[in-house]
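Structure file query32.txt (compact mmCIF, C-alpha atoms) follows.
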```
# COMPACT_ATOMS: atom_id res chain seq x y z
CA MET D 17 -8.75 13.32 -41.57
CA ARG D 18 -8.88 16.61 -39.68
CA LEU D 19 -11.49 15.12 -37.33
CA ARG D 20 -9.28 12.09 -36.59
CA THR D 21 -6.34 14.39 -35.87
CA LEU D 22 -8.43 16.54 -33.54
CA CYS D 23 -9.73 13.49 -31.66
CA LEU D 24 -6.20 12.12 -31.29
CA THR D 25 -4.96 15.49 -30.01
CA LEU D 26 -7.77 15.72 -27.44
CA CYS D 27 -7.16 12.16 -26.24
CA ILE D 28 -3.46 12.88 -25.73
CA PHE D 29 -4.27 16.15 -23.90
CA PHE D 30 -6.73 14.61 -21.46
CA SER D 31 -4.49 11.61 -20.88
CA ALA D 32 -1.54 13.84 -20.06
CA SER D 33 -3.55 16.17 -17.81
CA SER D 34 -5.45 13.50 -15.85
CA TYR D 35 -4.32 12.84 -12.30
CA SER D 36 -2.81 9.56 -11.15
CA TYR D 37 -3.82 8.40 -7.70
CA ILE D 38 -1.73 6.70 -5.07
CA ASN D 39 -4.02 5.04 -2.56
CA VAL D 40 -2.32 5.62 0.78
CA GLY D 41 -3.38 3.63 3.83
CA THR D 42 -2.97 5.63 7.03
CA LEU D 43 -3.84 5.15 10.67
CA ILE D 44 -6.91 6.86 12.08
CA PHE D 45 -5.05 8.05 15.16
CA ASN D 46 -1.42 7.56 16.14
CA PRO D 47 0.06 10.87 17.36
CA PRO D 48 2.47 12.45 16.73
CA PHE D 49 2.62 10.66 13.37
CA ILE D 50 -1.12 11.06 12.72
CA THR D 51 -3.56 12.96 14.96
CA SER D 52 -6.57 12.66 12.64
CA PRO D 53 -7.04 11.58 9.02
CA GLY D 54 -4.99 13.98 6.91
CA PHE D 55 -3.02 15.71 9.65
CA ARG D 56 0.44 15.63 11.28
CA PHE D 57 3.92 14.61 10.18
CA ASP D 58 3.32 11.44 8.15
CA MET D 59 0.46 13.05 6.24
CA ASP D 60 2.58 16.08 5.33
CA LEU D 61 5.44 13.79 4.30
CA ALA D 62 3.13 11.67 2.10
CA ARG D 63 1.68 14.77 0.44
CA LEU D 64 5.19 16.11 -0.19
CA LEU D 65 6.29 12.83 -1.79
CA CYS D 66 3.16 12.63 -3.96
CA LYS D 67 3.68 16.21 -5.10
CA ARG D 68 7.26 15.48 -6.08
CA LEU D 69 6.10 12.35 -7.92
CA LYS D 70 3.42 14.47 -9.67
CA GLU D 71 0.77 12.12 -8.35
CA GLN D 72 -2.26 12.71 -6.17
CA CYS D 73 -2.58 11.03 -2.77
CA HIS D 74 -5.88 9.45 -1.84
CA PHE D 75 -5.76 8.81 1.92
CA ILE D 76 -7.71 5.88 3.37
CA PRO D 77 -7.67 5.86 7.20
CA MET D 78 -7.92 2.57 9.12
CA VAL D 79 -6.65 0.74 12.19
CA LYS D 80 -3.15 -0.72 12.00
CA ASN D 81 -3.99 -4.38 11.38
CA GLN D 82 -6.21 -3.40 8.45
CA LEU D 83 -3.19 -1.92 6.66
CA TYR D 84 -1.81 -5.39 5.90
CA THR D 85 -5.05 -6.83 4.51
CA ALA D 86 -5.72 -3.60 2.57
CA LEU D 87 -2.31 -3.90 0.90
CA GLN D 88 -2.86 -7.57 0.09
CA SER D 89 -6.30 -6.92 -1.39
CA GLY D 90 -5.08 -3.99 -3.49
CA LYS D 91 -7.28 -1.45 -1.71
CA ILE D 92 -4.17 0.63 -0.99
CA ASP D 93 -0.83 0.94 -2.76
CA ILE D 94 1.32 2.00 0.20
CA ALA D 95 0.91 2.33 3.97
CA ILE D 96 2.31 5.04 6.23
CA GLY D 97 1.84 5.87 9.90
CA GLY D 98 4.85 5.36 12.14
CA ILE D 99 5.43 1.86 10.73
CA SER D 100 8.69 0.23 11.81
CA ILE D 101 10.61 -1.88 9.31
CA SER D 102 10.26 -5.58 10.05
CA PRO D 103 11.82 -8.54 8.19
CA GLN D 104 8.85 -9.91 6.29
CA VAL D 105 8.66 -11.72 2.95
CA ASN D 106 5.12 -10.51 2.19
CA PHE D 107 5.91 -6.79 2.30
CA ILE D 108 8.66 -4.40 1.29
CA PHE D 109 9.68 -1.07 2.83
CA SER D 110 11.05 2.22 1.66
CA LEU D 111 14.25 3.68 2.99
CA PRO D 112 13.74 4.69 6.63
CA TYR D 113 12.79 8.32 7.18
CA MET D 114 13.11 8.16 10.98
CA ILE D 115 15.04 5.99 13.40
CA THR D 116 13.02 3.70 15.68
CA LYS D 117 13.45 4.25 19.39
CA GLY D 118 11.39 2.41 21.98
CA GLN D 119 10.59 3.69 25.45
CA PHE D 120 8.32 2.76 28.34
CA LEU D 121 5.37 4.95 29.30
CA VAL D 122 4.00 4.63 32.87
CA LEU D 123 1.58 6.44 35.15
CA LYS D 124 3.17 9.57 36.53
CA ASP D 125 2.07 8.82 40.10
CA GLY D 126 2.31 5.04 39.76
CA PRO D 127 4.51 2.58 41.63
CA ILE D 128 6.95 1.78 38.79
CA LYS D 129 10.36 3.10 39.80
CA SER D 130 12.66 0.53 38.21
CA ILE D 131 12.52 -2.30 35.69
CA LYS D 132 12.36 -4.72 38.61
CA ASN D 133 8.95 -3.28 39.50
CA LEU D 134 7.61 -4.67 36.21
CA LYS D 135 8.35 -8.25 37.28
CA GLY D 136 5.21 -10.35 37.06
CA GLY D 137 3.27 -7.44 35.55
CA THR D 138 2.06 -6.70 32.03
CA VAL D 139 3.44 -4.34 29.39
CA GLY D 140 1.30 -3.18 26.45
CA VAL D 141 2.45 -2.84 22.84
CA PHE D 142 0.73 -2.30 19.49
CA ARG D 143 -0.61 -5.44 17.83
CA ASP D 144 1.40 -6.11 14.69
CA GLN D 145 0.91 -8.89 12.15
CA LEU D 146 4.56 -8.78 11.10
CA ASN D 147 5.84 -11.64 13.26
CA GLY D 148 4.73 -9.77 16.38
CA GLY D 149 6.46 -6.56 15.34
CA VAL D 150 9.80 -5.05 16.33
CA PHE D 151 8.56 -3.67 19.67
CA TYR D 152 7.02 -6.98 20.76
CA ASN D 153 10.06 -8.97 19.65
CA TYR D 154 12.47 -6.57 21.31
CA LEU D 155 10.73 -6.94 24.67
CA LEU D 156 10.59 -10.70 24.21
CA SER D 157 14.31 -10.98 23.57
CA ARG D 158 15.54 -8.44 26.11
CA TYR D 159 13.15 -9.04 29.02
CA ASN D 160 11.99 -12.60 28.33
CA GLY D 161 10.06 -13.91 31.34
CA LEU D 162 10.21 -10.70 33.38
CA PHE D 163 6.67 -9.62 32.47
CA GLN D 164 3.75 -10.51 30.22
CA ILE D 165 3.30 -8.69 26.92
CA GLN D 166 -0.22 -7.70 25.89
CA GLN D 167 -0.98 -6.51 22.37
CA PHE D 168 -3.50 -3.75 21.61
CA THR D 169 -5.14 -2.52 18.43
CA ASP D 170 -4.77 1.22 19.03
CA ILE D 171 -3.21 3.78 21.34
CA GLN D 172 -6.47 4.69 23.07
CA ASP D 173 -6.87 1.11 24.30
CA ILE D 174 -3.27 1.09 25.55
CA LEU D 175 -3.74 4.35 27.46
CA ALA D 176 -7.04 3.16 28.93
CA ALA D 177 -5.39 -0.06 30.14
CA LEU D 178 -2.53 1.94 31.65
CA ASP D 179 -4.95 4.31 33.37
CA SER D 180 -6.99 1.41 34.78
CA LYS D 181 -3.76 -0.30 35.88
CA SER D 182 -4.56 -3.48 33.97
CA ILE D 183 -1.09 -3.00 32.49
CA GLN D 184 1.85 -1.52 34.38
CA ALA D 185 3.60 0.10 31.40
CA ALA D 186 3.39 0.58 27.66
CA PHE D 187 6.35 0.17 25.29
CA LEU D 188 5.99 2.56 22.37
CA HIS D 189 7.95 4.63 19.89
CA ARG D 190 9.88 7.35 21.70
CA SER D 191 7.99 10.08 19.80
CA VAL D 192 4.64 8.60 20.89
CA VAL D 193 5.79 8.48 24.52
CA ASN D 194 6.98 12.07 24.31
CA TYR D 195 3.63 13.18 22.84
CA TRP D 196 1.55 11.61 25.61
CA TYR D 197 3.91 12.90 28.28
CA ARG D 198 3.18 16.43 27.02
CA GLU D 199 -0.45 16.00 25.97
CA GLY D 200 -1.74 13.33 28.37
CA GLY D 201 -3.19 15.62 31.04
CA ASN D 202 -0.28 15.13 33.43
CA GLN D 203 -1.15 11.42 33.77
CA PHE D 204 1.86 9.79 32.16
CA LYS D 205 5.64 9.99 32.10
CA PRO D 206 8.52 8.36 30.22
CA PHE D 207 10.24 5.54 32.06
CA GLU D 208 13.88 4.50 31.51
CA SER D 209 15.97 5.81 28.64
CA SER D 210 14.89 5.38 25.03
CA LEU D 211 16.30 2.32 23.26
CA LEU D 212 17.38 2.11 19.63
CA ILE D 213 15.58 -0.83 18.04
CA GLY D 214 14.88 -2.13 14.55
CA ASP D 215 15.82 -0.53 11.24
CA GLY D 216 13.71 2.62 11.34
CA VAL D 217 10.29 3.94 10.34
CA ALA D 218 9.32 3.56 6.68
CA ILE D 219 6.59 3.30 4.07
CA MET D 220 5.26 -0.22 3.45
CA ALA D 221 4.02 -1.85 0.23
CA LEU D 222 3.69 -5.17 -1.57
CA PRO D 223 6.64 -6.45 -3.64
CA LYS D 224 4.61 -5.83 -6.82
CA ASN D 225 4.83 -2.09 -6.06
CA LYS D 226 8.62 -2.08 -5.91
CA GLN D 227 8.80 0.45 -8.77
CA LEU D 228 6.69 2.90 -6.72
CA ILE D 229 8.85 2.30 -3.64
CA ASP D 230 11.97 2.92 -5.75
CA GLN D 231 10.48 6.24 -6.88
CA ILE D 232 9.64 7.14 -3.29
CA ASN D 233 13.19 6.25 -2.23
CA ALA D 234 14.60 8.60 -4.86
CA GLN D 235 12.43 11.43 -3.54
CA LEU D 236 13.31 10.65 0.08
CA LYS D 237 16.99 10.89 -0.84
CA TYR D 238 16.37 14.19 -2.60
CA ILE D 239 14.45 15.92 0.22
CA GLU D 240 17.00 14.64 2.75
CA SER D 241 19.86 16.02 0.66
CA ASN D 242 18.63 19.58 1.15
CA THR D 243 16.70 21.25 3.99
CA THR D 244 13.20 20.16 2.89
CA PHE D 245 12.92 17.10 5.10
CA LEU D 246 14.76 18.75 7.99
CA ARG D 247 12.30 21.65 8.01
CA LEU D 248 9.34 19.29 8.02
CA TYR D 249 10.85 17.12 10.74
CA THR D 250 11.67 20.13 12.92
CA ASP D 251 8.10 21.40 12.67
CA TYR D 252 6.91 18.32 14.56
CA PHE D 253 9.88 16.96 16.51
CA SER D 254 11.88 20.01 17.54
CA ASP D 255 11.67 19.00 21.23
CA GLU D 256 13.25 15.57 20.74
```
How would this structure read if it were set down as structure tokens?
Amino acid sequence: MRLRTLCLTLCIFFSASSYSYINVGTLIFNPPFITSPGFRFDMDLARLLCKRLKEQCHFIPMVKNQLYTALQSGKIDIAIGGISISPQVNFIFSLPYMITKGQFLVLKDGPIKSIKNLKGGTVGVFRDQLNGGVFYNYLLSRYNGLFQIQQFTDIQDILAALDSKSIQAAFLHRSVVNYWYREGGNQFKPFESSLLIGDGVAIMALPKNKQLIDQINAQLKYIESNTTFLRLYTDYFSDE
């Protein structure tokens, strides 16, 4: 009897003290949100949320299009990395933790001086499986027919195309444009004012993980109700 009681006690102890894992899909490289696996704003935010949920994050870096298939296959539970909310029946999103602003990025010494200069040219955006994505759809609706829109898998391909002049501009999140303006070796500059688009940047999951998203939403509300989120945001975006 004493042996059974001891075994039951040990089982309860190890069950209570074992870690739970949240498999978090992240981008390999998408500054300023992610500069390398495990670093920058979105990584710090994810770690903060996991800590408050008393769970352990297991980060799995990948390119953006792999996030959707990884969610569908169950390889990851949530995805984070500067992801804009998009109306989509296959996925759900947390509350937004940043607004989404789009802005053009062009060569600093290039010929683009006005929107009219983009006529007949090509503008690059991130490839997005969610009905083209908010950036693609925004350009399509606002500038339909003015220029071609070319989709790219990652930021390095976009910058290379811009540098080689195979595209005349890139349309990216304002924070991404600002980062490459400062860190791009004096090659690039913002073009035109930033434009408010979409419903914000959020964490993405499958509908079956709604309970986890609800828990994340509760923690987002909490850290935004005090100075916790503001301090984290200011650490990375104080110049915006």
**Asked** Quick one: residues within 9 Å of stretch 44-50 of chain D, only C-alpha atoms counted, chain neighbours fewer than 2 positions away excluded, as a PyMOL selection string?
**Response** chain D and resi 42+52-59+76-80+97-98+170-172+191-192+194-196+252-253
**Asked** Of the residues D:Ser100, D:Asn81, D:Gln184, D:Gln166, which is the one nearest to D:Leu134, using all atoms listed in the file?
**Response** D:Gln184
**Residue with smallest distance to D:Gly216 - pool D:Leu61, D:Phe75, D:Phe151, D:Val40, counting only C-alpha atoms** =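 Among the listed residues, the smallest separation from D:Gly216 belongs to D:Phe151.
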**Asked** Between atom CA of D:Gly41 and atom CA of D:Ala86, what is the spacing in Å?
**Response**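 Taking atom CA of D:Ala86 and atom CA of D:Gly41, their separation equals 7.7 Å.
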**Request:** Give me the residues within 10 Å of D:Leu178 as a list in words, counting all atoms listed in the file and dropping any in the same chain fewer than 4 places off.
**Result:**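 Residues near the query, excluding close chain neighbours: Leu121, Val122, Leu123, Gly126, Thr138, Val139, Gly140, Gln172, Asp173, Ile174, Ser182, Ile183, Gln184, Ala185, Ala186, Gln203 and Phe204 of chain D.
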**Prompt:** Which value, in Å to one decimal, gives the distance between atom CA of D:Asn160 and atom CA of D:Asp125?
**Reply:**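 If I compute the distance from atom CA of D:Asn160 to atom CA of D:Asp125, I get 26.4 Å.
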**Message:** Please report the interatomic distance between atom CA of D:Lys70 and atom CA of D:Leu228 in Å with one decimal.
**Reply:**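 Going from atom CA of D:Lys70 over to atom CA of D:Leu228 covers 12.4 Å.
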**Message:** Considering only C-alpha atoms, can you say which of D:Ile165, D:Leu43, D:Leu64, D:Ala221 comes closest to D:Ile92?
**Reply:**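 Comparing D:Ile165, D:Leu43, D:Leu64, D:Ala221 against D:Ile92, the winner is D:Ala221.
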**Item:** Nearest to D:Thr169 by atom-to-atom distance, counting all atoms listed in the file, from D:Arg143, D:Lys91, D:Lys132, D:Lys226
**Value:**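 Closest residue, counting all atoms listed in the file: D:Arg143.
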**Best match for closeness to D:Ala95 among D:Val150, D:Ala234, D:Gln119, D:Asn39, counting only C-alpha atoms** =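 So, comparing all the options, the nearest one is D:Asn39.
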**Best match for closeness to D:Phe163 among D:Phe142, D:Arg190, D:Asn233, D:Ile131, counting all atoms listed in the file** =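 Result for the nearest residue to D:Phe163: D:Ile131.
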**Prompt:** Can you tell me, as a ChimeraX atom specification, what residues are no more than 6 Å from D:Ala218 when counting all atoms listed in the file, ignoring any on the same chain fewer than 2 positions away?
**Reply:** /D:99,110,112-113
Would you save the residues of that selection, restricted to C-alpha atoms, as a JSON list (two decimals), keeping the file's coordinate frame?
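Printed below is result-v8.json as written:
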```json
[["chain", "number", "residue", "atom", "x", "y", "z"],
["D", 99, "ILE", "CA", 5.43, 1.86, 10.73],
["D", 110, "SER", "CA", 11.05, 2.22, 1.66],
["D", 112, "PRO", "CA", 13.74, 4.69, 6.63],
["D", 113, "TYR", "CA", 12.79, 8.32, 7.18]]
```
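For D:Arg68, the list of residues within 10 Å, based on only C-alpha atoms and with local chain neighbours fewer than 6 positions off taken out, reads Ala62, Gln231, Ile232, Gln235, Leu236, Tyr238 and Ile239 of chain D.
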Find the smallest box with edges along x, y and z containing every listed atom of stretch 172-186 of chain D, then add 3 Å on each side and report centre and edge lengths in Å to one decimal, as lines of an AutoDock Vina configuration file.
```
center_x = -1.7
center_y = 0.6
center_z = 29.5
size_x = 16.6
size_y = 14.2
size_z = 18.8
```
